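> So here's protein.cif (mmCIF, C-alpha atoms, pLDDT in the B column; chains and numbers go by the auth columns).
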```cif
data_model
#
loop_
_atom_site.group_PDB
_atom_site.id
_atom_site.type_symbol
_atom_site.label_atom_id
_atom_site.label_comp_id
_atom_site.label_asym_id
_atom_site.label_seq_id
_atom_site.Cartn_x
_atom_site.Cartn_y
_atom_site.Cartn_z
_atom_site.B_iso_or_equiv
_atom_site.auth_seq_id
_atom_site.auth_asym_id
ATOM 1 C CA MET A 1 -39.007 217.709 206.172 91.00 1 U
ATOM 2 C CA ASN A 2 -35.423 216.865 205.229 93.00 2 U
ATOM 3 C CA VAL A 3 -35.015 214.375 202.399 93.00 3 U
ATOM 4 C CA GLU A 4 -31.950 212.242 201.662 95.00 4 U
ATOM 5 C CA LEU A 5 -31.937 210.097 198.519 94.00 5 U
ATOM 6 C CA PHE A 6 -29.365 207.888 196.844 96.00 6 U
ATOM 7 C CA ILE A 7 -29.702 208.513 193.112 94.00 7 U
ATOM 8 C CA SER A 8 -27.733 207.268 190.117 95.00 8 U
ATOM 9 C CA LYS A 9 -25.256 209.903 188.979 95.00 9 U
ATOM 10 C CA ASP A 10 -26.875 210.452 185.597 94.00 10 U
ATOM 11 C CA ARG A 11 -30.154 211.537 187.229 94.00 11 U
ATOM 12 C CA VAL A 12 -28.743 214.014 189.745 95.00 12 U
ATOM 13 C CA SER A 13 -28.488 216.941 187.327 95.00 13 U
ATOM 14 C CA TYR A 14 -32.195 216.648 186.498 96.00 14 U
ATOM 15 C CA ILE A 15 -33.143 216.862 190.175 95.00 15 U
ATOM 16 C CA VAL A 16 -30.824 219.797 190.794 95.00 16 U
ATOM 17 C CA LYS A 17 -32.282 221.599 187.795 95.00 17 U
ATOM 18 C CA GLU A 18 -35.901 221.057 188.912 93.00 18 U
ATOM 19 C CA ILE A 19 -35.513 221.808 192.620 93.00 19 U
ATOM 20 C CA GLY A 20 -32.742 224.413 192.344 92.00 20 U
ATOM 21 C CA ALA A 21 -29.014 224.259 192.856 93.00 21 U
ATOM 22 C CA ASP A 22 -29.293 226.499 195.906 94.00 22 U
ATOM 23 C CA ARG A 23 -31.583 224.001 197.670 94.00 23 U
ATOM 24 C CA VAL A 24 -29.860 220.686 196.875 95.00 24 U
ATOM 25 C CA THR A 25 -26.679 219.328 198.431 95.00 25 U
ATOM 26 C CA VAL A 26 -24.972 216.585 196.425 96.00 26 U
ATOM 27 C CA SER A 27 -22.301 214.296 197.847 95.00 27 U
ATOM 28 C CA GLU A 28 -20.699 211.238 196.327 94.00 28 U
ATOM 29 C CA HIS A 29 -21.877 207.938 197.762 93.00 29 U
ATOM 30 C CA ASN A 30 -20.103 205.402 195.548 93.00 30 U
ATOM 31 C CA GLU A 31 -18.979 205.062 191.936 93.00 31 U
ATOM 32 C CA ASP A 32 -22.545 204.707 190.638 94.00 32 U
ATOM 33 C CA GLN A 33 -24.598 206.850 193.015 96.00 33 U
ATOM 34 C CA ASP A 34 -24.676 210.248 194.690 96.00 34 U
ATOM 35 C CA MET A 35 -26.591 211.242 197.778 96.00 35 U
ATOM 36 C CA ILE A 36 -28.782 214.305 197.467 96.00 36 U
ATOM 37 C CA LYS A 37 -30.212 216.236 200.411 96.00 37 U
ATOM 38 C CA PHE A 38 -32.867 218.909 200.312 95.00 38 U
ATOM 39 C CA GLU A 39 -35.712 220.245 202.415 94.00 39 U
ATOM 40 C CA LEU A 40 -39.208 219.333 201.280 93.00 40 U
ATOM 41 C CA ASN A 41 -41.028 222.638 201.719 92.00 41 U
ATOM 42 C CA SER A 42 -44.285 221.968 199.902 92.00 42 U
ATOM 43 C CA GLN A 43 -46.175 219.501 197.775 93.00 43 U
ATOM 44 C CA LEU A 44 -44.743 221.233 194.725 94.00 44 U
ATOM 45 C CA ASP A 45 -41.323 219.822 195.603 93.00 45 U
ATOM 46 C CA VAL A 46 -42.735 216.320 195.125 94.00 46 U
ATOM 47 C CA LEU A 47 -44.067 217.413 191.746 95.00 47 U
ATOM 48 C CA TYR A 48 -40.629 218.799 190.840 94.00 48 U
ATOM 49 C CA MET A 49 -39.094 215.411 191.647 94.00 49 U
ATOM 50 C CA PHE A 50 -41.680 213.741 189.422 95.00 50 U
ATOM 51 C CA HIS A 51 -40.906 216.178 186.598 96.00 51 U
ATOM 52 C CA ALA A 52 -37.194 215.450 186.971 96.00 52 U
ATOM 53 C CA GLY A 53 -37.923 211.747 186.477 94.00 53 U
ATOM 54 C CA VAL A 54 -40.094 212.400 183.439 95.00 54 U
ATOM 55 C CA ARG A 55 -37.435 214.632 181.858 95.00 55 U
ATOM 56 C CA TYR A 56 -34.745 212.026 182.493 95.00 56 U
ATOM 57 C CA GLY A 57 -36.892 209.289 180.923 93.00 57 U
ATOM 58 C CA SER A 58 -37.784 211.474 177.966 93.00 58 U
ATOM 59 C CA ASP A 59 -34.157 212.380 177.299 92.00 59 U
ATOM 60 C CA SER A 60 -33.051 208.761 177.689 90.00 60 U
ATOM 61 C CA MET A 61 -35.676 207.499 175.227 90.00 61 U
ATOM 62 C CA ALA A 62 -34.893 210.287 172.759 87.00 62 U
ATOM 63 C CA LYS A 63 -31.239 209.223 172.738 81.00 63 U
ATOM 64 C CA ALA A 64 -32.194 205.559 172.343 80.00 64 U
ATOM 65 C CA LEU A 65 -34.585 206.243 169.455 81.00 65 U
ATOM 66 C CA THR A 66 -32.188 208.477 167.516 82.00 66 U
ATOM 67 C CA LYS A 67 -29.334 205.960 167.433 67.00 67 U
#
```
Could you express the structure from this file as structure tokens?

Amino acid sequence: MNVELFISKDRVSYIVKEIGADRVTVSEHNEDQDMIKFELNSQLDVLYMFHAGVRYGSDSMAKALTK
């Protein structure tokens, strides 16, 4: 299944890192968001997306708590 998502720019790198740069196509949507496209090959891809969100949240909170 092909997936297209509009994601805030600061989260895109986490998704690319989890799913793989060779599998994700990123294009600019507007000044705040990018559109990512990839093929959902297995249930693990959904887990990778979840892990990307957890890593983003963890990094964001770490920055907020160390200020």
> Which one is closest to Val54 in chain U: U:Glu28, U:Glu18, U:Ser8, U:Val3? Count only C-alpha atoms.
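Once distances to Val54 in chain U are computed over only C-alpha atoms, the minimum belongs to U:Glu18.
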> Evaluating the PyMOL selection byres ((chain U and resi 23) around 12) on the displayed file yields which residues, as a list in words?
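Output from the PyMOL selection byres ((chain U and resi 23) around 12), applied to this file: Asn2, Val3, Ile15, Val16, Lys17, Glu18, Ile19, Gly20, Ala21, Asp22, Val24, Thr25, Val26, Ile36, Lys37, Phe38, Glu39, Leu40, Asn41 and Asp45 of chain U.
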> If I take CA of Arg55 in chain U and CA of Tyr14 in chain U, how far is one from the other in Å, to one decimal?
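Interatomic distance here is 7.3 Å.
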> For CA of Ser60 in chain U and CA of Gln43 in chain U, determine how far apart the two atoms are, in Å to one decimal place.
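For CA of Ser60 in chain U relative to CA of Gln43 in chain U, the distance reads 26.3 Å.
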> Going by the chain IDs and residue numbers used in this file, which residues fall under the PyMOL selection byres ((chain U and resi 30) around 12)? Write them as a list of chain:residue names.
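Matching residues under the PyMOL selection byres ((chain U and resi 30) around 12) are U:Phe6, U:Ile7, U:Ser8, U:Lys9, U:Ser27, U:Glu28, U:His29, U:Glu31, U:Asp32, U:Gln33, U:Asp34, U:Met35.
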> Any idea what the distance is between CA of Gly57 in chain U and CA of Asp10 in chain U?
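If I compute the distance from CA of Gly57 in chain U to CA of Asp10 in chain U, I get 11.1 Å.
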> Between U:Met49, U:Ser42, U:Tyr56, U:Lys63, single out the one closest to Leu5 in chain U, counting only C-alpha atoms.
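Closest residue, counting only C-alpha atoms: U:Met49.
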